[in-house]
Each structure stands twice: as structure tokens, then as C-alpha cells.
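Chemist: This is the structure I want to talk about, given as C-alpha cells.
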Amino acid sequence: MKLVFLAALLFVSIITNRQQKPQNVFKITTFTKVPRNMEGCGENLFLNKQDEKAERFVFYTDYSRALICINNNMILITRSDKSHEKSSSVFSNKDYTLIVKYGQRKPAGDESYQIKNAIITLKYHSKVIWMKNVIGGGGC
């Protein structure tokens, strides 16, 4: 009986002491404030028409750098694709990679355009953590 009790105690001790990896939670939120040094020519993306009217960005770029808000922290990422391909853009830092794949773009003036649809894919250390259809615009 003592042997069964000790085995059960040892089993429970092993289970409770086992280290578990913390689960990372990623919450993407919109934002309204952009640093002055990023204002001007660029691109902004929104989750929906209501956010677009209220200028609540989910993604903002001055073409060479971009902002996204993850877990209530503004994350700065830089353009990492050198090809300047028109169908997509890639921005990254040491932790995150953000890919924007553009659908339909429509001219909205001499130096501006509307983004009727695009898909943002956000990766954390190569693992996709968020993917969303967005709308927006860009230009100078």
C-alpha cells in the first residue's frame, strides 16, 4: 500500500513540476496617432469602413517603415523586400514579419490610390499569428 501511495505521489509531483511553455497571446488593435516623422507620403490600412472614416489604422507606413499595434505596443517594422513588387509588400524586424498582398487598387487622384482589398499576414518568428482582409489607401 505504501508503495502505491509513493508511486502516486511521485507521479503527481512529476506532473505538477513539469515546465510548460507559456502560450503567447497576440492581440492586434487599431491606433489613431502616428509619429510626426512618419506623416506624409505613405499607405494606411483599416479593418473596415467605420475605422477608415474614424482614421483608426491597423497598419500605417511611410513606405520604408511601418507601424502595427500588437498587445497594446506600437511595433516599428521596416520594409524588407527590395523588389518593390506592386502586388505585395514585406516589412519585418527581429520578431515580426508582415506581408501585405494587394488585391484591387484604384487611382484616387494624381498621386493617390484606394486599396479596395488587401490581405495582411502577420508572422511571429515565422509562425502565422494573424491574417485579415483590409481596405485603405496610399499616396502623397
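Chain identifiers are assigned as A, B, and so on, following the order in which chains appear in the C-alpha cells; residues are numbered from 1 within each chain, and ligands are numbered from 1 in order of appearance.
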Excluding A:Ile119 and its own-chain neighbours fewer than 6 positions away, which residues fall within 8 Å of it when counting only C-alpha atoms? Please give them as a VMD selection string.
Modeler: chain A and resid 99 to 103 131 to 134
Chemist: Chain A: which residues are alpha helix (DSSP H) by DSSP, as a short mmCIF file (atom, residue, chain, number, x, y, z; two decimals) with N, CA and C atoms, in the first residue's frame?
Modeler:
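Here's the written file out08.cif:
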```
data_model
loop_
_atom_site.label_atom_id
_atom_site.label_comp_id
_atom_site.auth_asym_id
_atom_site.auth_seq_id
_atom_site.Cartn_x
_atom_site.Cartn_y
_atom_site.Cartn_z
N LYS A 2 1.94 1.22 0.84
CA LYS A 2 2.83 2.36 0.89
C LYS A 2 3.50 2.58 -0.46
N LEU A 3 3.81 1.50 -1.15
CA LEU A 3 4.46 1.59 -2.45
C LEU A 3 3.53 2.26 -3.47
N VAL A 4 2.25 1.90 -3.47
CA VAL A 4 1.28 2.52 -4.38
C VAL A 4 1.12 4.01 -4.04
N PHE A 5 1.07 4.33 -2.76
CA PHE A 5 0.95 5.72 -2.35
C PHE A 5 2.17 6.54 -2.80
N LEU A 6 3.36 5.99 -2.61
CA LEU A 6 4.58 6.69 -3.02
C LEU A 6 4.64 6.86 -4.54
N ALA A 7 4.22 5.84 -5.28
CA ALA A 7 4.21 5.93 -6.75
C ALA A 7 3.23 7.02 -7.20
N ALA A 8 2.05 7.06 -6.59
CA ALA A 8 1.06 8.08 -6.94
C ALA A 8 1.59 9.48 -6.60
N LEU A 9 2.22 9.61 -5.44
CA LEU A 9 2.79 10.88 -5.03
C LEU A 9 3.89 11.33 -5.99
N LEU A 10 4.74 10.40 -6.39
CA LEU A 10 5.80 10.70 -7.34
C LEU A 10 5.21 11.12 -8.68
N PHE A 11 4.17 10.43 -9.15
CA PHE A 11 3.52 10.76 -10.42
C PHE A 11 2.93 12.18 -10.38
N VAL A 12 2.22 12.51 -9.31
CA VAL A 12 1.62 13.84 -9.17
C VAL A 12 2.71 14.91 -9.10
N SER A 13 3.79 14.61 -8.40
CA SER A 13 4.90 15.56 -8.29
C SER A 13 5.53 15.82 -9.65
N ILE A 14 5.71 14.80 -10.45
CA ILE A 14 6.29 14.95 -11.79
C ILE A 14 5.38 15.80 -12.67
N ILE A 15 4.09 15.52 -12.62
CA ILE A 15 3.13 16.26 -13.45
C ILE A 15 3.09 17.74 -13.07
N THR A 16 3.06 18.06 -11.79
CA THR A 16 2.95 19.46 -11.37
C THR A 16 4.25 20.23 -11.56
N ASN A 17 5.38 19.56 -11.55
CA ASN A 17 6.66 20.24 -11.71
C ASN A 17 7.09 20.38 -13.17
N LYS A 49 -14.82 50.05 -43.09
CA LYS A 49 -15.17 51.42 -43.49
C LYS A 49 -15.31 52.35 -42.28
N GLN A 50 -15.86 51.84 -41.18
CA GLN A 50 -16.02 52.66 -39.98
C GLN A 50 -14.66 53.10 -39.44
N ASP A 51 -13.70 52.19 -39.41
CA ASP A 51 -12.35 52.55 -38.97
C ASP A 51 -11.71 53.54 -39.94
N GLU A 52 -11.98 53.37 -41.22
CA GLU A 52 -11.42 54.29 -42.21
C GLU A 52 -11.96 55.70 -42.00
N LYS A 53 -13.26 55.84 -41.77
CA LYS A 53 -13.85 57.16 -41.51
C LYS A 53 -13.28 57.80 -40.25
N ALA A 54 -13.05 56.98 -39.22
CA ALA A 54 -12.53 57.48 -37.95
C ALA A 54 -11.00 57.55 -37.94
#
```
Chemist: Applying 7 Å and only C-alpha atoms, which residues near stretch 61-66 of chain A remain after dropping the ones on its own chain fewer than 4 positions away? List them as a list in words.
Modeler: Met38, Cys41, Gly42, Glu43, Asn44, Leu76, Ile77, Thr78 and Arg79 of chain A
Chemist: For a quick check of understanding, using only C-alpha atoms, which of A:Trp130, A:Phe59, A:Phe31, A:Tyr113 has the smallest distance to A:Asn72?
Modeler: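 Among the listed residues, the smallest separation from A:Asn72 belongs to A:Phe31.
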Chemist: Counting only C-alpha atoms, which residue out of A:Ser112, A:Thr32, A:Asn73, A:Ser80 sits closest to A:Leu98?
Modeler: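 Between A:Ser112, A:Thr32, A:Asn73, A:Ser80, the residue approaching A:Leu98 most closely is A:Ser80.
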Chemist: So which residues touch A:Phe26 within 12 Å, counting only C-alpha atoms, skipping near sequence neighbours fewer than 3 positions away, as number ranges by chain?
Modeler: A: 23, 29, 68-73, 96, 122-124, 127-131
Chemist: Give the answer as one residue: which of A:Asn37, A:Gly138, A:Ser126, A:Thr97 has the shortest atom-to-atom distance to A:Asp110, using only C-alpha atoms?
Modeler: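 Of all the options, A:Gly138 lies closest to A:Asp110.
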